[in-house]
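Student: Pasting model-v6.txt below, which is compact mmCIF, C-alpha atoms and all ligand atoms.
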```txt
# COMPACT_ATOMS: atom_id res chain seq x y z
CA MET A 15 -13.01 12.09 -15.93
CA GLY A 16 -14.35 10.92 -12.57
CA LYS A 17 -15.76 12.76 -9.58
CA CYS A 18 -13.96 13.16 -6.25
CA ASN A 19 -15.02 10.49 -3.74
CA VAL A 20 -14.56 12.99 -0.91
CA CYS A 21 -16.17 16.21 -2.14
CA LEU A 22 -17.78 15.25 -5.51
CA HIS A 23 -15.82 17.92 -7.42
CA GLN A 24 -14.67 17.02 -10.95
CA LEU A 25 -11.23 15.33 -10.93
CA LYS A 26 -8.33 16.26 -13.19
CA THR A 27 -6.71 13.26 -14.91
CA VAL A 28 -3.04 12.80 -14.00
CA ILE A 29 -2.17 9.47 -15.69
CA PRO A 30 -4.60 7.27 -17.65
CA PHE A 31 -2.81 3.90 -17.36
CA GLY A 32 -5.32 2.01 -19.51
CA LYS A 33 -6.76 -1.45 -19.01
CA MET A 34 -5.50 -3.45 -16.04
CA PRO A 35 -6.35 -6.80 -14.43
CA ILE A 36 -6.89 -7.17 -10.65
CA SER A 37 -3.37 -6.61 -9.32
CA ASN A 38 -3.37 -9.33 -6.66
CA ARG A 39 -5.29 -11.97 -8.60
CA PHE A 40 -2.58 -14.38 -9.71
CA VAL A 41 -3.62 -16.44 -12.70
CA THR A 42 -3.98 -20.24 -12.66
CA ASP A 43 -4.93 -20.70 -16.32
CA PRO A 44 -3.15 -18.24 -18.62
CA ASP A 45 -5.67 -18.97 -21.42
CA ALA A 46 -8.71 -17.93 -19.37
CA ASN A 47 -10.13 -14.40 -19.72
CA GLU A 48 -9.20 -11.98 -16.96
CA TYR A 49 -11.45 -9.26 -15.55
CA VAL A 50 -10.11 -5.86 -16.58
CA TYR A 51 -10.91 -2.30 -15.54
CA HIS A 52 -9.60 1.14 -16.50
CA LEU A 53 -6.84 2.39 -14.19
CA SER A 54 -6.47 6.16 -14.07
CA LEU A 55 -4.97 8.48 -11.47
CA GLY A 56 -6.96 11.64 -10.84
CA TRP A 57 -6.50 14.65 -8.56
CA CYS A 58 -9.13 16.87 -6.98
CA PRO A 59 -8.28 20.58 -7.34
CA LYS A 60 -10.79 21.41 -4.57
CA CYS A 61 -9.96 19.08 -1.66
CA LEU A 62 -6.48 18.11 -3.04
CA MET A 63 -7.06 14.35 -2.77
CA ALA A 64 -5.18 12.19 -5.31
CA GLN A 65 -7.30 9.13 -6.10
CA LEU A 66 -8.35 6.59 -8.71
CA GLU A 67 -10.90 7.86 -11.20
CA SER A 68 -12.86 4.61 -11.13
CA CYS A 69 -12.76 1.83 -8.57
CA VAL A 70 -13.01 -1.94 -8.60
CA ASP A 71 -15.71 -3.60 -6.45
CA PRO A 72 -13.97 -4.35 -3.10
CA ALA A 73 -15.46 -7.87 -3.02
CA MET A 74 -13.47 -8.68 -6.19
CA MET A 75 -10.23 -7.86 -4.39
CA PHE A 76 -10.80 -8.69 -0.72
CA ASN A 77 -12.31 -12.15 -0.37
CA ASP A 78 -11.38 -15.68 0.68
CA SER A 79 -8.40 -15.86 -1.68
CA TYR A 80 -6.65 -12.55 -0.98
CA ALA A 81 -3.00 -13.00 -2.02
CA TYR A 82 -1.29 -10.50 0.30
CA PHE A 83 -0.11 -11.91 3.61
CA SER A 84 1.38 -9.21 5.84
CA SER A 85 3.79 -11.58 7.58
CA THR A 86 6.11 -12.22 4.61
CA SER A 87 8.98 -9.94 5.55
CA SER A 88 11.07 -9.62 8.69
CA ALA A 89 11.18 -5.83 8.31
CA MET A 90 7.36 -5.69 8.40
CA GLU A 91 7.33 -7.99 11.48
CA ASP A 92 9.69 -5.53 13.22
CA HIS A 93 7.61 -2.57 12.13
CA PHE A 94 4.36 -3.97 13.50
CA ARG A 95 5.96 -5.15 16.78
CA GLU A 96 7.02 -1.52 17.24
CA MET A 97 3.51 -0.27 16.40
CA ALA A 98 1.99 -2.64 18.99
CA LYS A 99 4.47 -1.34 21.58
CA GLU A 100 3.48 2.26 20.87
CA ILE A 101 -0.22 1.37 21.16
CA SER A 102 0.24 -0.50 24.44
CA GLU A 103 2.14 2.49 25.87
CA PHE A 104 -0.59 4.88 24.71
CA VAL A 105 -3.34 2.90 26.49
CA SER A 106 -1.25 2.00 29.54
CA ASP A 107 -2.95 4.54 31.85
CA ARG A 108 -6.49 3.68 30.69
CA ILE A 109 -8.84 1.28 32.45
CA ASP A 110 -9.63 -1.81 30.33
CA PRO A 111 -8.82 -0.06 27.04
CA PHE A 112 -10.33 -1.28 23.77
CA ILE A 113 -8.21 -1.26 20.59
CA VAL A 114 -9.59 -1.63 17.07
CA GLU A 115 -7.50 -2.32 13.97
CA LEU A 116 -8.96 -1.92 10.49
CA GLY A 117 -7.53 -4.39 7.95
CA CYS A 118 -5.65 -6.56 10.46
CA ASN A 119 -4.80 -9.13 7.76
CA ASP A 120 -2.99 -12.16 9.27
CA GLY A 121 -2.67 -10.52 12.70
CA ILE A 122 0.89 -9.27 12.22
CA MET A 123 0.22 -6.37 14.64
CA LEU A 124 -2.74 -7.46 16.78
CA LYS A 125 -1.12 -10.76 17.82
CA HIS A 126 1.15 -8.67 20.09
CA ILE A 127 -1.85 -6.78 21.53
CA ALA A 128 -3.65 -10.11 22.10
CA ALA A 129 -0.56 -11.55 23.80
CA LEU A 130 -0.65 -8.62 26.26
CA GLY A 131 -4.23 -9.56 27.15
CA LEU A 132 -5.64 -6.21 25.92
CA SER A 133 -9.24 -5.99 24.64
CA HIS A 134 -9.12 -5.67 20.88
CA LEU A 135 -10.92 -6.33 17.63
CA GLY A 136 -9.51 -6.66 14.12
CA ILE A 137 -11.80 -5.87 11.18
CA GLU A 138 -10.81 -8.02 8.22
CA PRO A 139 -13.05 -8.93 5.26
CA SER A 140 -10.56 -11.29 3.55
CA ALA A 141 -11.49 -14.63 5.12
CA ASN A 142 -8.26 -16.52 4.38
CA VAL A 143 -5.96 -14.00 6.07
CA ALA A 144 -8.48 -13.43 8.92
CA ALA A 145 -8.38 -17.18 9.67
CA ILE A 146 -4.60 -16.97 10.22
CA ALA A 147 -5.06 -14.02 12.58
CA ARG A 148 -7.64 -16.02 14.60
CA ASP A 149 -5.19 -18.92 14.84
CA ARG A 150 -2.77 -16.43 16.41
CA GLY A 151 -5.26 -15.57 19.16
CA VAL A 152 -6.61 -12.38 17.53
CA LYS A 153 -10.34 -11.52 17.72
CA VAL A 154 -11.53 -10.73 14.20
CA LEU A 155 -14.78 -9.47 12.70
CA GLY A 156 -14.99 -10.59 9.06
CA GLU A 157 -16.56 -7.45 7.58
CA PHE A 158 -15.77 -4.34 5.56
CA PHE A 159 -15.46 -1.40 7.95
CA GLY A 160 -17.80 1.55 7.37
CA ALA A 161 -20.51 3.59 9.14
CA GLU A 162 -22.84 0.57 9.43
CA SER A 163 -20.37 -1.98 10.79
CA ALA A 164 -18.95 0.66 13.19
CA LEU A 165 -22.36 1.11 14.78
CA GLU A 166 -22.74 -2.64 15.12
CA ILE A 167 -19.32 -2.93 16.81
CA GLN A 168 -20.02 0.02 19.12
CA LYS A 169 -23.31 -1.56 20.27
CA ILE A 170 -21.60 -4.82 21.19
CA HIS A 171 -18.19 -3.66 22.48
CA GLY A 172 -18.64 0.04 23.33
CA GLN A 173 -16.35 2.81 22.07
CA ALA A 174 -12.64 2.32 21.39
CA ASP A 175 -9.71 4.11 23.01
CA LEU A 176 -7.69 3.73 19.85
CA ILE A 177 -8.51 2.90 16.24
CA CYS A 178 -5.72 2.26 13.76
CA GLY A 179 -5.15 0.97 10.27
CA ALA A 180 -2.07 0.33 8.17
CA ASN A 181 -2.32 0.22 4.39
CA VAL A 182 -6.07 -0.03 4.55
CA MET A 183 -7.51 3.51 4.61
CA CYS A 184 -6.19 3.96 1.08
CA HIS A 185 -8.31 0.92 0.07
CA MET A 186 -11.63 2.33 1.26
CA GLU A 187 -13.49 3.97 -1.58
CA ASP A 188 -16.34 5.27 0.60
CA ILE A 189 -13.95 7.14 2.87
CA ASN A 190 -16.65 9.49 4.18
CA SER A 191 -18.54 6.47 5.53
CA VAL A 192 -15.29 5.22 7.13
CA PHE A 193 -14.85 8.55 8.92
CA GLU A 194 -18.48 8.47 10.06
CA GLY A 195 -17.76 4.99 11.42
CA VAL A 196 -14.63 6.12 13.25
CA ASN A 197 -16.63 9.02 14.71
CA VAL A 198 -19.21 6.61 16.13
CA LEU A 199 -16.72 4.05 17.37
CA LEU A 200 -14.01 6.28 18.90
CA LYS A 201 -14.20 7.66 22.46
CA PRO A 202 -14.19 11.49 22.66
CA ASP A 203 -10.60 11.38 24.00
CA GLY A 204 -9.50 8.53 21.77
CA VAL A 205 -6.90 8.55 19.00
CA PHE A 206 -7.29 7.40 15.42
CA PHE A 207 -4.15 6.82 13.40
CA PHE A 208 -3.53 5.37 10.00
CA GLN A 209 -0.58 4.98 7.66
CA ASP A 210 -0.34 4.49 3.94
CA PRO A 211 2.17 5.06 1.13
CA TYR A 212 2.88 8.82 1.15
CA LEU A 213 2.03 10.85 -1.95
CA LEU A 214 5.09 13.06 -1.55
CA ASP A 215 7.39 9.99 -1.58
CA ILE A 216 5.59 8.60 -4.63
CA LEU A 217 6.09 11.87 -6.50
CA LYS A 218 9.70 12.33 -5.37
CA LYS A 219 10.71 8.76 -6.24
CA THR A 220 8.37 8.49 -9.24
CA SER A 221 7.17 5.22 -7.66
CA PHE A 222 4.06 5.03 -9.80
CA ASP A 223 3.71 1.26 -9.27
CA GLN A 224 1.96 2.18 -6.01
CA ILE A 225 -0.96 3.12 -8.23
CA TYR A 226 -3.23 0.08 -8.65
CA ASP A 227 -6.77 -1.10 -8.01
CA GLU A 228 -6.48 -1.57 -4.22
CA HIS A 229 -5.02 1.89 -3.66
CA VAL A 230 -7.97 4.22 -4.18
CA TYR A 231 -6.25 7.13 -2.35
CA TYR A 232 -2.71 8.58 -2.34
CA PHE A 233 -2.78 10.60 0.86
CA SER A 234 -0.97 13.83 1.65
CA GLY A 235 -1.18 15.90 4.83
CA LEU A 236 -2.87 18.65 2.81
CA ALA A 237 -5.71 16.36 1.74
CA VAL A 238 -5.98 14.44 5.05
CA SER A 239 -6.28 17.63 7.10
CA GLN A 240 -9.22 18.77 4.91
CA LEU A 241 -10.86 15.33 5.00
CA ALA A 242 -10.47 15.15 8.79
CA GLY A 243 -11.97 18.65 9.16
CA ARG A 244 -15.08 17.62 7.19
CA HIS A 245 -15.75 15.00 9.86
CA GLY A 246 -14.92 16.98 13.01
CA PHE A 247 -11.41 15.61 13.43
CA GLU A 248 -8.09 17.40 13.50
CA LEU A 249 -4.78 16.20 12.10
CA VAL A 250 -2.57 16.36 15.21
CA GLY A 251 0.51 14.49 14.06
CA MET A 252 2.39 13.26 10.99
CA VAL A 253 5.20 10.76 11.36
CA PRO A 254 7.04 9.40 8.30
CA LYS A 255 7.69 5.64 8.20
CA GLU A 256 10.15 3.85 5.93
CA VAL A 257 7.87 0.92 5.04
CA HIS A 258 6.35 0.39 1.59
CA GLY A 259 8.83 2.69 -0.06
CA GLY A 260 7.90 5.69 2.10
CA SER A 261 4.74 5.90 4.19
CA MET A 262 3.17 8.56 6.39
CA ARG A 263 1.36 7.92 9.65
CA TYR A 264 -1.43 10.43 10.37
CA TYR A 265 -2.70 10.93 13.95
CA LEU A 266 -6.21 12.32 14.33
CA LYS A 267 -8.23 13.47 17.32
CA LYS A 268 -11.83 14.58 17.70
CA GLY A 269 -12.46 18.32 17.97
CA VAL A 270 -10.55 21.30 16.66
CA ASN A 271 -8.94 22.86 19.70
CA HIS A 272 -5.62 21.10 19.76
CA GLN A 273 -2.25 22.82 19.78
CA ASP A 274 -0.82 23.70 16.39
CA PRO A 275 1.38 20.65 15.80
CA GLU A 276 4.88 21.46 14.57
CA ASP A 277 5.36 18.26 12.61
CA VAL A 278 2.12 18.82 10.69
CA THR A 279 3.10 22.41 9.85
CA PHE A 280 6.51 21.18 8.68
CA HIS A 281 5.16 18.41 6.42
CA LEU A 282 2.44 20.61 4.93
CA SER A 283 5.04 23.19 3.96
CA GLN A 284 7.19 20.44 2.38
CA GLU A 285 4.17 19.30 0.37
CA LYS A 286 3.49 22.83 -0.84
CA ALA A 287 7.16 23.30 -1.78
CA PHE A 288 6.77 20.22 -3.99
CA ASN A 289 3.60 21.61 -5.62
CA LEU A 290 1.20 19.02 -4.21
CA HIS A 291 -1.51 21.70 -4.12
CA ASP A 292 -1.01 22.57 -7.79
CA PHE A 293 -1.77 20.47 -10.91
CA GLU A 294 1.66 21.40 -12.35
CA GLY A 295 3.28 19.11 -9.77
CA TYR A 296 1.31 16.19 -11.20
CA VAL A 297 2.12 17.02 -14.82
CA SER A 298 5.85 16.70 -14.12
CA PHE A 299 5.18 13.43 -12.24
CA ARG A 300 3.61 11.97 -15.39
CA GLU A 301 6.60 13.04 -17.48
CA ASN A 302 8.96 11.34 -15.02
CA VAL A 303 6.87 8.15 -15.05
CA ASP A 304 6.94 7.91 -18.84
CA ARG A 305 10.71 8.47 -18.88
CA ILE A 306 11.37 5.67 -16.38
CA CYS A 307 9.15 3.23 -18.30
CA VAL A 308 11.05 3.87 -21.54
CA ASN A 309 14.46 3.61 -19.83
CA LEU A 310 13.57 0.41 -18.00
CA LYS A 311 12.28 -1.38 -21.08
CA GLN A 312 15.34 -0.22 -23.04
CA THR A 313 17.71 -1.53 -20.35
CA LEU A 314 15.98 -4.93 -20.23
CA MET A 315 16.01 -5.22 -24.02
CA GLU A 316 19.72 -4.44 -24.16
CA ILE A 317 20.47 -7.11 -21.53
CA LYS A 318 18.32 -9.64 -23.41
CA ASP A 319 19.88 -8.72 -26.78
CA GLY A 320 23.27 -9.32 -25.17
CA GLY A 321 22.20 -12.96 -24.72
CA ASN A 322 21.47 -12.79 -20.98
CA ARG A 323 18.46 -14.18 -19.15
CA ILE A 324 16.48 -11.99 -16.75
CA ALA A 325 14.40 -13.10 -13.76
CA ALA A 326 12.38 -10.90 -11.39
CA TYR A 327 12.15 -10.82 -7.57
CA GLY A 328 8.89 -10.37 -5.61
CA ALA A 329 5.52 -10.99 -7.28
CA THR A 330 4.06 -7.84 -5.75
CA SER A 331 0.67 -6.38 -6.51
CA LYS A 332 2.29 -3.10 -7.49
CA SER A 333 4.38 -4.75 -10.21
CA THR A 334 1.17 -5.31 -12.19
CA THR A 335 1.08 -1.57 -12.98
CA LEU A 336 4.82 -1.36 -13.66
CA LEU A 337 4.97 -4.38 -15.98
CA ILE A 338 1.83 -3.60 -17.97
CA TYR A 339 2.39 0.17 -18.33
CA SER A 340 6.06 -0.41 -19.31
CA ARG A 341 5.04 -3.31 -21.64
CA ILE A 342 7.33 -5.84 -19.98
CA GLY A 343 6.24 -9.48 -20.18
CA PRO A 344 7.48 -13.08 -20.51
CA GLU A 345 9.47 -12.18 -23.63
CA LEU A 346 11.85 -10.25 -21.32
CA ILE A 347 11.36 -11.86 -17.88
CA ASP A 348 11.65 -15.66 -17.52
CA TYR A 349 9.92 -15.91 -14.12
CA VAL A 350 9.30 -14.05 -10.86
CA SER A 351 10.72 -15.49 -7.64
CA ASP A 352 8.39 -15.24 -4.64
CA THR A 353 8.18 -16.85 -1.21
CA THR A 354 4.36 -16.77 -0.92
CA PRO A 355 3.13 -20.40 -1.28
CA THR A 356 -0.23 -19.37 -2.84
CA LYS A 357 1.50 -17.37 -5.61
CA ILE A 358 4.04 -20.06 -6.61
CA GLY A 359 2.97 -22.09 -9.67
CA LYS A 360 0.64 -19.31 -10.86
CA TYR A 361 1.20 -16.47 -13.36
CA THR A 362 1.39 -12.71 -12.89
CA PRO A 363 -1.92 -10.90 -13.64
CA GLY A 364 -2.14 -9.58 -17.21
CA THR A 365 1.47 -10.31 -18.19
CA HIS A 366 1.40 -14.06 -17.37
CA ILE A 367 4.99 -14.43 -16.23
CA PRO A 368 5.37 -17.70 -14.22
CA VAL A 369 5.83 -17.28 -10.45
CA LYS A 370 8.47 -19.66 -9.11
CA SER A 371 9.83 -20.50 -5.69
CA HIS A 372 12.84 -18.86 -4.11
CA SER A 373 14.67 -22.21 -4.15
CA HIS A 374 14.16 -22.28 -7.94
CA PHE A 375 15.75 -18.81 -8.12
CA LEU A 376 18.75 -19.95 -6.06
CA ARG A 377 19.25 -23.05 -8.22
CA ASP A 378 18.79 -21.13 -11.47
CA ASN A 379 21.12 -18.29 -10.48
CA PRO A 380 20.05 -15.89 -13.29
CA PRO A 381 22.64 -13.29 -14.34
CA TYR A 382 20.11 -10.40 -14.00
CA THR A 383 17.13 -9.93 -11.70
CA LEU A 384 14.55 -7.16 -11.85
CA LEU A 385 13.88 -6.10 -8.25
CA LEU A 386 10.08 -5.73 -8.32
CA ALA A 387 9.82 -5.77 -4.50
CA TRP A 388 12.02 -2.64 -4.39
CA ASN A 389 10.42 -1.55 -1.10
CA HIS A 390 12.16 -4.53 0.55
CA GLU A 391 15.50 -3.72 -1.13
CA ARG A 392 17.60 -3.63 2.03
CA GLU A 393 16.27 -6.95 3.30
CA ILE A 394 16.58 -8.63 -0.11
CA LEU A 395 20.11 -7.40 -0.89
CA GLU A 396 21.19 -8.64 2.53
CA LYS A 397 19.54 -12.02 1.91
CA GLU A 398 21.02 -12.37 -1.59
CA ARG A 399 24.63 -11.50 -0.74
CA THR A 400 25.88 -14.81 -2.15
CA TYR A 401 23.97 -14.27 -5.40
CA ARG A 402 25.56 -10.84 -5.84
CA LYS A 403 29.04 -12.01 -4.82
CA GLY A 404 28.73 -14.68 -7.52
CA GLY A 405 28.16 -11.96 -10.14
CA GLY A 406 24.34 -11.76 -10.06
CA LYS A 407 23.01 -8.24 -10.73
CA PHE A 408 19.80 -6.58 -9.57
CA ILE A 409 18.02 -4.04 -11.74
CA THR A 410 16.29 -1.24 -9.82
CA PHE A 411 14.21 1.57 -11.30
CA PHE A 412 13.25 4.26 -8.76
CA PRO A 413 14.09 7.13 -8.89
CA LYS A 414 16.05 6.04 -11.99
CA VAL A 415 16.98 2.78 -13.70
CA ALA A 416 20.19 1.24 -12.31
CA VAL A 417 22.00 -2.11 -12.45
CA ILE A 418 23.55 -2.88 -9.06
N1 LIG B 501 -2.57 -3.89 7.83
C1 LIG B 501 -1.87 -4.92 7.06
C2 LIG B 501 -2.67 -5.35 5.84
C3 LIG B 501 -2.67 -4.42 4.67
S1 LIG B 501 -3.52 -5.10 3.27
C4 LIG B 501 -0.51 -4.45 6.66
O1 LIG B 501 -0.24 -3.25 6.68
O2 LIG B 501 0.30 -5.28 6.26
C5 LIG B 501 -5.10 -4.37 3.51
C6 LIG B 501 -6.04 -5.24 4.28
O3 LIG B 501 -7.23 -4.48 4.49
C7 LIG B 501 -6.45 -6.52 3.55
O4 LIG B 501 -6.21 -7.62 4.37
C8 LIG B 501 -7.92 -6.29 3.22
O5 LIG B 501 -8.69 -7.48 3.24
C9 LIG B 501 -8.35 -5.32 4.30
N2 LIG B 501 -9.49 -4.44 3.94
C10 LIG B 501 -9.84 -3.96 2.72
N3 LIG B 501 -10.93 -3.18 2.81
C11 LIG B 501 -11.29 -3.16 4.11
C12 LIG B 501 -12.34 -2.53 4.84
N4 LIG B 501 -13.26 -1.78 4.24
N5 LIG B 501 -12.39 -2.72 6.18
C13 LIG B 501 -11.45 -3.48 6.82
N6 LIG B 501 -10.44 -4.10 6.17
C14 LIG B 501 -10.36 -3.94 4.85
P1 LIG B 502 4.85 -6.08 -0.96
O1 LIG B 502 5.84 -5.28 -1.73
O2 LIG B 502 3.44 -5.75 -1.31
O3 LIG B 502 5.17 -6.10 0.51
O4 LIG B 502 5.00 -7.60 -1.48
C1 LIG B 502 6.23 -8.25 -1.38
C2 LIG B 502 6.19 -9.54 -2.18
O5 LIG B 502 7.53 -10.00 -2.33
C3 LIG B 502 5.44 -10.68 -1.50
O6 LIG B 502 4.77 -11.45 -2.48
C4 LIG B 502 6.54 -11.50 -0.85
C5 LIG B 502 7.70 -11.29 -1.77
N1 LIG B 502 9.01 -11.34 -1.12
C6 LIG B 502 9.88 -12.35 -1.47
O7 LIG B 502 9.57 -13.20 -2.32
N2 LIG B 502 11.12 -12.41 -0.84
C7 LIG B 502 11.49 -11.49 0.09
O8 LIG B 502 12.60 -11.58 0.63
C8 LIG B 502 10.57 -10.44 0.43
C9 LIG B 502 10.95 -9.40 1.45
C10 LIG B 502 9.35 -10.40 -0.20
ZN ZN B 503 -12.37 16.56 -3.68
```
Once you've parsed the file, please lay out its structure as structure tokens.
Tutor:
Amino acid sequence: MGKCNVCLHQLKTVIPFGKMPISNRFVTDPDANEYVYHLSLGWCPKCLMAQLESCVDPAMMFNDSYAYFSSTSSAMEDHFREMAKEISEFVSDRIDPFIVELGCNDGIMLKHIAALGLSHLGIEPSANVAAIARDRGVKVLGEFFGAESALEIQKIHGQADLICGANVMCHMEDINSVFEGVNVLLKPDGVFFFQDPYLLDILKKTSFDQIYDEHVYYFSGLAVSQLAGRHGFELVGMVPKEVHGGSMRYYLKKGVNHQDPEDVTFHLSQEKAFNLHDFEGYVSFRENVDRICVNLKQTLMEIKDGGNRIAAYGATSKSTTLLIYSRIGPELIDYVSDTTPTKIGKYTPGTHIPVKSHSHFLRDNPPYTLLLAWNHEREILEKERTYRKGGGKFITFFPKVAVI
């Protein structure tokens, strides 16, 4: 049992997943030894934060060969164009505003801010994706954000009008240091917002594959409001977003005298109704997870026993947890189709299923395909209309196993 990263209270174990490799480290030589760590979801009964019980060193995950490129889906491009629009509207009445994005990756969002000529800085420790952002005209600092780097940035650039981060706050183990950094770097009347996969969606859908090394935290409004309060911030808004299978955007401001926000009150009551403040809610989550794993493996085995081949779609980091915990490997799945050039020709971490190109998938036309990138379902089903019209079937698994 680990200790809470936020308040140091003893965590309660929700699901001990066992040994896992680094989820985004695709394997070149399947005979070489892989680094493994113990993946376990814990929950803090004191500050209500769901989190990993032990964490992987960030430098092992975020470096010059980080495999996740934000700009791989048209839906994400649309999402971040919209985010940039909202930011530019927010700062429109400010004089020479300064915008900071944590974890800007390949510049999917900040390239729009840069194109508008607004002062900005992306903080991005993974050198390969940061280089792409720079090529797109984005200013990037190649560091891990925290209290120290925030002070450094503030000394050079001054305080920011807006600080934001998408799918990055959940990566930051030392979250208290991150909040200290935001406190230093943000103007007194500035706004800090971040968005990450939403705990309530994970529990409702049983989407446990969101749980992997990079995701240290599984945020809820209940936990974020407490965390914000510890650092002199107030949670002033919560806006659900469809991306990544259900995300929540949290808006924070300095001070505690803001109006009682209706959307926050609403979402907190929804979270309580679903028992997010009570360990019982997490016990039933674990039962649901185990049921889906058994059903999925059973379905794949029946298809295979019927003499049919099965491929998979989307070599996502989250599928590492799904495949390993459900014990699904190359004996059931022939290959995973993915469009990311740096993943093609490699093998999935731990399970060593070959990753092949999308053109290979189209040529091969497998009768069944496990939809690992389920969060992009709409975009993928639209793209693969011809495959489905020709009789190809997708297998989905959240909130229950289905062949569509
Ligand atoms: N915001 C993008 C990228 C998400 S992936 C999107 O939503 O698509 C998370 C990114 O955060 C990675 O590129 C990773 O290198 C970066 N990251 C991880 N830890 C960080 C830290 N401490 N400070 C800033 N960026 C970090
Ligand atoms: P994500 O779920 O973390 O966003 O990762 C999606 C992965 O799926 C990424 O490796 C790209 C891949 N992908 C495809 O191969 N084809 C597609 O049409 C989409 C949307 C994603
Ligand atoms: Zn705690």
Student: List every protein, DNA or RNA residue with an atom no more than 12 Å from (3.8, 0.4, 16.8) in the file's coordinates, counting all atoms listed in the file, and format the result as a ChimeraX atom specification.
Tutor: /A:90-104,115,122-124,126-127,178-180,207-209,253,255,263
Student: Could you give me, as a short mmCIF file (atom, residue, chain, number, x, y, z; two decimals) with C-alpha atoms, keeping the file's coordinate frame, the residues within 10 Å of segment 78-84 of chain A, counting only C-alpha atoms and dropping anything in the same chain fewer than 4 positions from it?
Tutor:
```cif
data_model
loop_
_atom_site.label_atom_id
_atom_site.label_comp_id
_atom_site.auth_asym_id
_atom_site.auth_seq_id
_atom_site.Cartn_x
_atom_site.Cartn_y
_atom_site.Cartn_z
CA SER A 37 -3.37 -6.61 -9.32
CA ASN A 38 -3.37 -9.33 -6.66
CA ARG A 39 -5.29 -11.97 -8.60
CA PHE A 40 -2.58 -14.38 -9.71
CA ALA A 73 -15.46 -7.87 -3.02
CA MET A 74 -13.47 -8.68 -6.19
CA MET A 90 7.36 -5.69 8.40
CA GLU A 91 7.33 -7.99 11.48
CA PHE A 94 4.36 -3.97 13.50
CA CYS A 118 -5.65 -6.56 10.46
CA ASN A 119 -4.80 -9.13 7.76
CA ASP A 120 -2.99 -12.16 9.27
CA GLY A 121 -2.67 -10.52 12.70
CA ILE A 122 0.89 -9.27 12.22
CA MET A 123 0.22 -6.37 14.64
CA PRO A 139 -13.05 -8.93 5.26
CA SER A 140 -10.56 -11.29 3.55
CA ALA A 141 -11.49 -14.63 5.12
CA ASN A 142 -8.26 -16.52 4.38
CA VAL A 143 -5.96 -14.00 6.07
CA ALA A 144 -8.48 -13.43 8.92
CA ALA A 145 -8.38 -17.18 9.67
CA ILE A 146 -4.60 -16.97 10.22
CA THR A 330 4.06 -7.84 -5.75
CA SER A 331 0.67 -6.38 -6.51
CA THR A 354 4.36 -16.77 -0.92
CA PRO A 355 3.13 -20.40 -1.28
CA THR A 356 -0.23 -19.37 -2.84
CA LYS A 357 1.50 -17.37 -5.61
#
```
Student: Taking into account all atoms listed in the file, which residue in the set A:Leu217, A:Ile347, A:Leu116, A:Ala242 is nearest to ligand LIG 501 (chain B)?
Tutor: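 That would be A:Leu116, the residue with the smallest distance to ligand LIG 501 (chain B).
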Student: Report, in Å with one decimal, the straight-line distance from atom C5 of ligand LIG 502 (chain B) to atom CA of Ile189 of chain A.
Tutor: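 Interatomic distance here is 28.8 Å.
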Student: For the point (23.1, -13.6, -4.8) in the file's frame, write as a PyMOL selection string all residues with an atom no more than 12 Å away, counting all atoms listed in the file.
Tutor: chain A and resi 327+372+375-383+394-408+418
Student: Find the residues near Asp215 of chain A: any atom within 9 Å, counting all atoms listed in the file, skip ones fewer than 3 places away on the same chain, and give them as a ChimeraX atom specification.
Tutor: /A:211-212,218-221,259-261
